[in-house]
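Engineer: My structure is stored as query_37.txt, with compact mmCIF, C-alpha atoms.
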# COMPACT_ATOMS: atom_id res chain seq x y z
CA MET A 183 92.76 -34.90 219.59
CA SER A 184 89.30 -35.80 218.29
CA ARG A 185 89.10 -37.21 214.77
CA ILE A 186 86.37 -39.15 213.03
CA VAL A 187 87.02 -42.82 212.29
CA THR A 188 84.55 -44.56 209.97
CA PHE A 189 83.96 -48.29 209.57
CA THR A 190 83.01 -50.10 206.37
CA THR A 191 83.06 -53.90 206.58
CA ASP A 192 81.38 -57.12 205.52
CA PHE A 193 81.28 -58.29 209.16
CA GLY A 194 77.57 -57.81 209.83
CA LEU A 195 76.37 -56.99 213.34
CA GLN A 196 75.54 -60.38 214.80
CA ASP A 197 79.07 -61.07 216.07
CA HIS A 198 81.56 -59.21 218.25
CA TYR A 199 83.89 -58.10 215.43
CA VAL A 200 82.71 -54.51 214.93
CA GLY A 201 82.43 -53.73 218.63
CA THR A 202 85.88 -55.16 219.26
CA MET A 203 87.48 -52.94 216.61
CA LYS A 204 85.79 -49.89 218.11
CA GLY A 205 87.12 -50.85 221.53
CA VAL A 206 90.67 -51.04 220.15
CA VAL A 207 90.38 -47.53 218.66
CA LEU A 208 88.87 -46.04 221.81
CA ASN A 209 91.47 -47.71 224.04
CA ILE A 210 94.11 -45.72 222.14
CA ASN A 211 92.11 -42.54 221.72
CA PRO A 212 88.97 -42.18 223.88
CA GLU A 213 88.23 -38.87 222.15
CA ALA A 214 87.84 -40.41 218.69
CA SER A 215 84.39 -40.12 217.07
CA LEU A 216 83.33 -43.45 215.56
CA VAL A 217 80.87 -43.66 212.66
CA ASP A 218 79.49 -46.77 210.94
CA ILE A 219 79.14 -46.40 207.18
CA SER A 220 78.07 -50.01 206.59
CA HIS A 221 78.69 -53.49 207.91
CA SER A 222 76.45 -55.06 205.28
CA VAL A 223 78.89 -55.15 202.39
CA GLN A 224 78.39 -58.46 200.61
CA ALA A 225 80.70 -61.03 202.20
CA PHE A 226 84.10 -61.21 200.49
CA ASP A 227 82.88 -58.79 197.77
CA VAL A 228 85.67 -56.29 197.15
CA LEU A 229 83.74 -54.45 194.42
CA ASP A 230 80.75 -53.96 196.73
CA GLY A 231 83.11 -52.59 199.37
CA ALA A 232 84.65 -50.25 196.80
CA LEU A 233 81.23 -48.95 195.78
CA THR A 234 80.17 -48.46 199.41
CA ILE A 235 83.14 -46.41 200.58
CA THR A 236 83.31 -44.37 197.38
CA GLN A 237 79.69 -43.30 197.72
CA ALA A 238 80.19 -42.15 201.32
CA TYR A 239 83.66 -40.83 202.10
CA ARG A 240 83.51 -37.45 200.39
CA TYR A 241 80.59 -36.35 202.58
CA PHE A 242 82.77 -36.50 205.71
CA PRO A 243 84.92 -33.66 207.08
CA SER A 244 88.56 -33.27 206.16
CA GLU A 245 91.02 -35.52 208.06
CA THR A 246 88.43 -38.25 208.55
CA ILE A 247 90.01 -41.73 208.80
CA HIS A 248 88.16 -44.43 206.89
CA MET A 249 88.67 -48.10 207.80
CA VAL A 250 87.58 -50.39 204.98
CA VAL A 251 87.82 -54.04 205.97
CA VAL A 252 86.57 -56.35 203.23
CA ASP A 253 89.42 -58.79 203.39
CA PRO A 254 89.03 -62.30 201.93
CA GLY A 255 92.85 -62.54 201.83
CA VAL A 256 93.37 -61.88 205.55
CA GLY A 257 96.42 -63.71 206.89
CA THR A 258 98.06 -64.08 203.47
CA ALA A 259 100.84 -62.05 201.87
CA ARG A 260 98.44 -59.26 200.88
CA ARG A 261 99.61 -55.98 202.41
CA PRO A 262 97.80 -53.65 204.80
CA ILE A 263 97.90 -50.13 203.36
CA LEU A 264 97.37 -46.54 204.42
CA VAL A 265 96.16 -44.14 201.73
CA THR A 266 96.31 -40.38 202.20
CA THR A 267 94.46 -38.01 199.86
CA GLU A 268 94.11 -34.24 200.04
CA LYS A 269 91.30 -34.47 202.61
CA HIS A 270 90.93 -38.06 203.81
CA MET A 271 92.83 -41.10 205.03
CA PHE A 272 92.00 -44.74 204.32
CA ILE A 273 93.16 -47.94 206.01
CA ALA A 274 92.46 -51.14 204.10
CA PRO A 275 93.88 -54.38 202.74
CA ASP A 276 95.73 -54.01 199.44
CA ASN A 277 93.17 -55.96 197.43
CA GLY A 278 91.61 -53.26 195.26
CA VAL A 279 88.84 -52.27 197.69
CA LEU A 280 89.96 -48.62 197.33
CA SER A 281 90.09 -48.73 193.51
CA LEU A 282 87.19 -46.31 193.02
CA VAL A 283 88.77 -43.90 195.51
CA TYR A 284 91.92 -44.00 193.40
CA GLU A 285 89.82 -43.08 190.34
CA ARG A 286 88.31 -40.05 192.10
CA GLU A 287 91.42 -38.68 193.78
CA SER A 288 94.09 -37.06 191.61
CA ARG A 289 96.63 -36.68 194.43
CA LEU A 290 97.25 -39.52 196.85
CA SER A 291 99.95 -41.37 198.72
CA VAL A 292 99.80 -45.12 199.36
CA ARG A 293 101.92 -46.67 202.11
CA HIS A 294 102.53 -50.28 203.06
CA ILE A 295 101.74 -50.48 206.78
CA SER A 296 104.81 -52.28 208.08
CA ALA A 297 105.57 -50.66 211.48
CA GLU A 298 104.61 -53.70 213.56
CA HIS A 299 105.17 -51.97 216.90
CA TYR A 300 101.80 -50.27 216.33
CA PHE A 301 100.03 -53.64 215.98
CA LEU A 302 98.27 -55.55 218.73
CA GLN A 303 100.48 -58.53 219.60
CA PRO A 304 100.23 -61.33 218.81
CA VAL A 305 98.58 -60.56 215.46
CA SER A 306 95.78 -63.00 214.69
CA PRO A 307 95.98 -64.35 211.13
CA THR A 308 92.18 -64.14 210.94
CA PHE A 309 91.41 -60.72 212.46
CA HIS A 310 93.64 -57.96 211.09
CA GLY A 311 90.66 -55.61 211.49
CA ARG A 312 91.29 -55.73 215.24
CA ASP A 313 95.05 -56.24 215.46
CA VAL A 314 96.29 -54.08 212.58
CA PHE A 315 93.72 -51.76 211.01
CA ALA A 316 91.95 -50.61 214.20
CA ARG A 317 95.27 -50.03 215.96
CA VAL A 318 96.58 -47.91 213.09
CA ALA A 319 93.29 -45.98 213.00
CA GLY A 320 93.57 -45.31 216.71
CA TYR A 321 97.08 -43.90 216.46
CA LEU A 322 96.23 -41.88 213.35
CA SER A 323 93.27 -40.39 215.21
CA LYS A 324 95.71 -39.21 217.91
CA GLY A 325 97.79 -37.40 215.30
CA VAL A 326 100.60 -39.86 214.51
CA GLU A 327 101.92 -38.98 211.04
CA ALA A 328 101.18 -41.31 208.13
CA ALA A 329 104.89 -41.63 207.34
CA LYS A 330 105.46 -43.39 210.68
CA PHE A 331 103.52 -46.47 209.53
CA GLY A 332 105.55 -47.48 206.49
CA GLU A 333 107.12 -46.60 203.17
CA GLU A 334 105.29 -45.37 200.09
CA ILE A 335 104.51 -47.91 197.38
CA THR A 336 103.42 -47.58 193.76
CA ASP A 337 102.49 -51.19 192.96
CA PHE A 338 99.26 -51.18 194.98
CA VAL A 339 96.37 -53.29 193.70
CA ARG A 340 93.66 -51.57 191.71
CA PHE A 341 90.98 -52.63 189.28
CA ALA A 342 88.65 -50.87 186.89
CA ALA A 343 84.96 -51.11 187.69
CA PRO A 344 82.94 -52.68 184.86
CA ARG A 345 81.85 -50.10 182.31
CA PRO A 346 79.02 -50.27 179.77
CA LYS A 347 80.03 -51.13 176.21
CA ALA A 348 78.45 -50.00 172.96
CA VAL A 349 77.36 -52.96 170.84
CA ASN A 350 76.26 -50.73 167.96
CA GLU A 351 74.81 -47.25 167.51
CA ARG A 352 71.51 -48.27 169.12
CA THR A 353 72.52 -50.79 171.77
CA MET A 354 74.59 -50.75 174.95
CA ARG A 355 75.55 -53.74 177.07
CA ALA A 356 75.81 -53.13 180.81
CA VAL A 357 75.66 -55.11 184.05
CA VAL A 358 73.98 -55.08 187.46
CA LEU A 359 76.49 -53.75 190.01
CA LYS A 360 74.40 -54.48 193.08
CA VAL A 361 70.90 -54.85 194.50
CA ASP A 362 70.25 -52.57 197.45
CA LYS A 363 68.18 -53.22 200.58
CA PHE A 364 64.99 -52.01 198.88
CA GLY A 365 65.44 -54.33 195.91
CA ASN A 366 66.53 -51.53 193.59
CA ILE A 367 68.68 -52.92 190.77
CA VAL A 368 71.75 -50.69 190.37
CA THR A 369 73.28 -50.89 186.89
CA ASN A 370 76.64 -49.44 185.82
CA ILE A 371 75.06 -46.99 183.33
CA THR A 372 75.68 -43.30 184.10
CA PRO A 373 74.38 -40.15 182.36
CA GLN A 374 77.82 -39.84 180.76
CA ASP A 375 77.45 -43.28 179.19
CA ALA A 376 73.98 -42.68 177.72
CA PRO A 377 73.18 -38.94 177.80
CA ALA A 378 70.21 -39.32 175.45
CA LEU A 379 68.39 -41.35 178.09
CA PHE A 380 68.54 -38.48 180.57
CA GLN A 381 67.36 -35.67 178.28
CA SER A 382 64.15 -33.86 179.20
CA THR A 383 62.48 -35.80 176.38
CA PRO A 384 64.42 -39.03 175.88
CA PRO A 385 63.94 -41.16 172.77
CA ALA A 386 61.98 -44.38 173.03
CA PHE A 387 64.04 -47.08 174.72
CA LYS A 388 63.87 -50.44 176.38
CA ILE A 389 66.05 -51.98 179.05
CA MET A 390 66.40 -55.74 178.90
CA LEU A 391 67.13 -57.82 182.02
CA GLY A 392 66.96 -61.46 181.08
CA SER A 393 63.53 -61.97 179.52
CA HIS A 394 62.12 -58.82 181.14
CA GLU A 395 61.73 -55.45 179.43
CA VAL A 396 61.50 -52.03 181.10
CA SER A 397 60.56 -48.96 179.05
CA ASP A 398 59.44 -46.32 181.58
CA LEU A 399 61.71 -43.70 183.14
CA LYS A 400 60.63 -41.89 186.32
CA ALA A 401 62.13 -38.99 188.27
CA ALA A 402 61.01 -40.28 191.70
CA TYR A 403 60.15 -43.67 193.13
CA ALA A 404 56.63 -42.55 194.08
CA GLN A 405 55.82 -41.61 190.47
CA GLY A 406 55.36 -45.28 189.64
CA ALA A 407 52.13 -47.13 190.30
CA PRO A 408 52.33 -49.58 193.23
CA GLY A 409 54.44 -52.52 192.11
CA GLN A 410 55.26 -50.94 188.72
CA VAL A 411 58.82 -51.55 187.53
CA PHE A 412 60.59 -48.57 185.95
CA ALA A 413 64.01 -46.99 185.39
CA ILE A 414 65.31 -44.09 187.50
CA LEU A 415 68.57 -42.21 188.01
CA GLY A 416 69.50 -43.09 191.59
CA SER A 417 71.49 -41.11 194.13
CA MET A 418 74.61 -43.21 193.43
CA GLY A 419 74.71 -41.66 189.96
CA TYR A 420 73.76 -44.90 188.20
CA LEU A 421 70.65 -45.95 186.29
CA GLU A 422 68.51 -48.13 188.54
CA ILE A 423 65.58 -50.42 187.88
CA ALA A 424 63.11 -49.89 190.71
CA ALA A 425 59.52 -50.52 191.75
CA ASN A 426 57.23 -48.33 193.85
CA ARG A 427 57.10 -49.86 197.35
CA ALA A 428 58.26 -53.22 196.07
CA SER A 429 61.48 -55.05 195.23
CA ALA A 430 62.26 -54.80 191.54
CA ALA A 431 64.91 -57.48 192.04
CA ASP A 432 62.31 -59.93 193.37
CA ILE A 433 59.82 -59.08 190.63
CA LEU A 434 62.39 -59.54 187.84
CA GLY A 435 64.54 -62.21 189.48
CA ALA A 436 67.62 -60.00 189.05
CA LYS A 437 70.92 -60.39 190.89
CA LYS A 438 74.35 -58.81 190.83
CA GLY A 439 76.22 -59.64 187.63
CA LEU A 440 73.13 -59.98 185.44
CA GLU A 441 73.66 -58.56 181.96
CA VAL A 442 71.62 -55.47 181.10
CA GLY A 443 70.83 -54.30 177.59
CA LEU A 444 69.87 -50.70 176.78
CA ILE A 445 68.30 -50.35 173.34
CA PHE A 446 67.20 -47.09 171.70
CA GLU A 447 64.73 -46.89 168.82
CA GLY A 448 66.62 -44.02 167.23
CA ALA A 449 70.11 -44.37 165.72
CA GLY A 450 73.32 -42.90 167.04
CA VAL A 451 72.22 -42.22 170.61
CA ALA A 452 73.34 -45.24 172.61
CA ALA A 453 77.03 -44.76 173.28
CA GLN A 454 79.56 -41.99 173.60
CA PRO A 455 82.98 -42.04 171.90
CA GLY A 456 85.36 -44.26 173.80
CA SER A 457 82.60 -46.28 175.46
Now that the file is in, can you turn its structure into structure tokens?
Structural biologist:
Amino acid sequence: MSRIVTFTTDFGLQDHYVGTMKGVVLNINPEASLVDISHSVQAFDVLDGALTITQAYRYFPSETIHMVVVDPGVGTARRPILVTTEKHMFIAPDNGVLSLVYERESRLSVRHISAEHYFLQPVSPTFHGRDVFARVAGYLSKGVEAAKFGEEITDFVRFAAPRPKAVNERTMRAVVLKVDKFGNIVTNITPQDAPALFQSTPPAFKIMLGSHEVSDLKAAYAQGAPGQVFAILGSMGYLEIAANRASAADILGAKKGLEVGLIFEGAGVAAQPGS
């Protein structure tokens, strides 16, 4: 049986870790198709891992198996889990790294992976990616049923991603979720949070990042002048602060976690009910 197994980790590519996990999967199922989503998740950053897998998984075929190994609690009492949705399967530590998948999927089953006879023995307390997760992925890719790996649980760990908050009818407080490889500053503001900003003719606005102010909105990166900093709706579905052929993060000195203010000149346009 040939199934796709994807890999999302914070391991990087300079060490043997990723290649070793792939070897474990292929040793069980040489017909498996292996795909790297990313190995550049910020180290130990569960939210960054959650954002990465949630952006990618739904573009894969049904029955794809997604390994998500961002695991600062490896070797502790945190559980390995297997999550089954209508179309996809996920193998991950139970630390909230699948929280945004849980938000998207209305029907899912979460199992505590406890069937140790599937594990590579002895299990290293520092490399469950190899000894637990890759082994389970290998057997799943051969068609072993999810129920064979452990019982269903309902007390799995999940967290809510930070959401923008309305300060008043003109102002919204948000945060930088991440800075991508190009230096684009990804905020947590979506068109649902501030629909007025994404109208064909938005009202005058300014976005505050520290002492810096951004008041231009573009539809494409190349619409900005070289080095110009502007706002744009990125492919992740979030408002970004970007620069044409330059790093907006370097220009503005912005990092993950920086507070972002969105201020409209007009009244009553900043926030939606329940924000």
Engineer: To one decimal place in Å, what is the distance between atom CA of Thr258 of chain A and atom CA of Pro307 of chain A?
Structural biologist: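 Interatomic distance here is 7.9 Å.
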Engineer: Excluding same-chain residues fewer than 6 positions from segment 213-218 of chain A, what lies within 7 Å of it counting all atoms listed in the file, as JSON, numbers by chain?
Structural biologist: {"A": [183, 184, 185, 186, 187, 188, 189, 190, 323]}
Engineer: Find the spatial neighbours of Tyr199 of chain A, counting only C-alpha atoms, within a cut-off of 12 Å - ignore same-chain residues fewer than 2 positions away - and output them as a ChimeraX atom specification.
Structural biologist: /A:189,191-197,201-206,221,251,308-313,316
Engineer: Excluding Ile389 of chain A and residues on its chain fewer than 6 positions from it, collect all residues at most 9 Å away from it, counting all atoms listed in the file, and give them as number ranges by chain.
Structural biologist: A: 395-397, 413, 423, 442-446
Engineer: Rounded to one decimal in Å, what is the spacing between atom CA of Asn277 of chain A and atom CA of Phe242 of chain A?
Structural biologist: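 Computed distance, atom CA of Asn277 of chain A to atom CA of Phe242 of chain A, equals 23.6 Å.
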Engineer: One decimal, Å: what's the distance from atom CA of Val228 of chain A over to atom CA of Val279 of chain A, could you say?
Structural biologist: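 Atom-to-atom, atom CA of Val228 of chain A and atom CA of Val279 of chain A are spaced 5.1 Å apart.
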Engineer: Would you kindly return, as number ranges by chain, each protein, DNA or RNA residue with an atom no farther than 7 Å from any atom of segment 296-305 of chain A, considering only C-alpha atoms and excluding same-chain residues fewer than 2 positions away?
Structural biologist: A: 294, 307, 313-314, 317-318, 331-332
Engineer: Report as a list in words all protein, DNA and RNA residues lying within 7 Å of Tyr420 of chain A, evaluated on only C-alpha atoms, omitting residues in the same chain fewer than 3 positions from it.
Structural biologist: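 Those residues are Val368, Thr369, Asn370, Ile371, Thr372, Leu415 and Gly416 of chain A.
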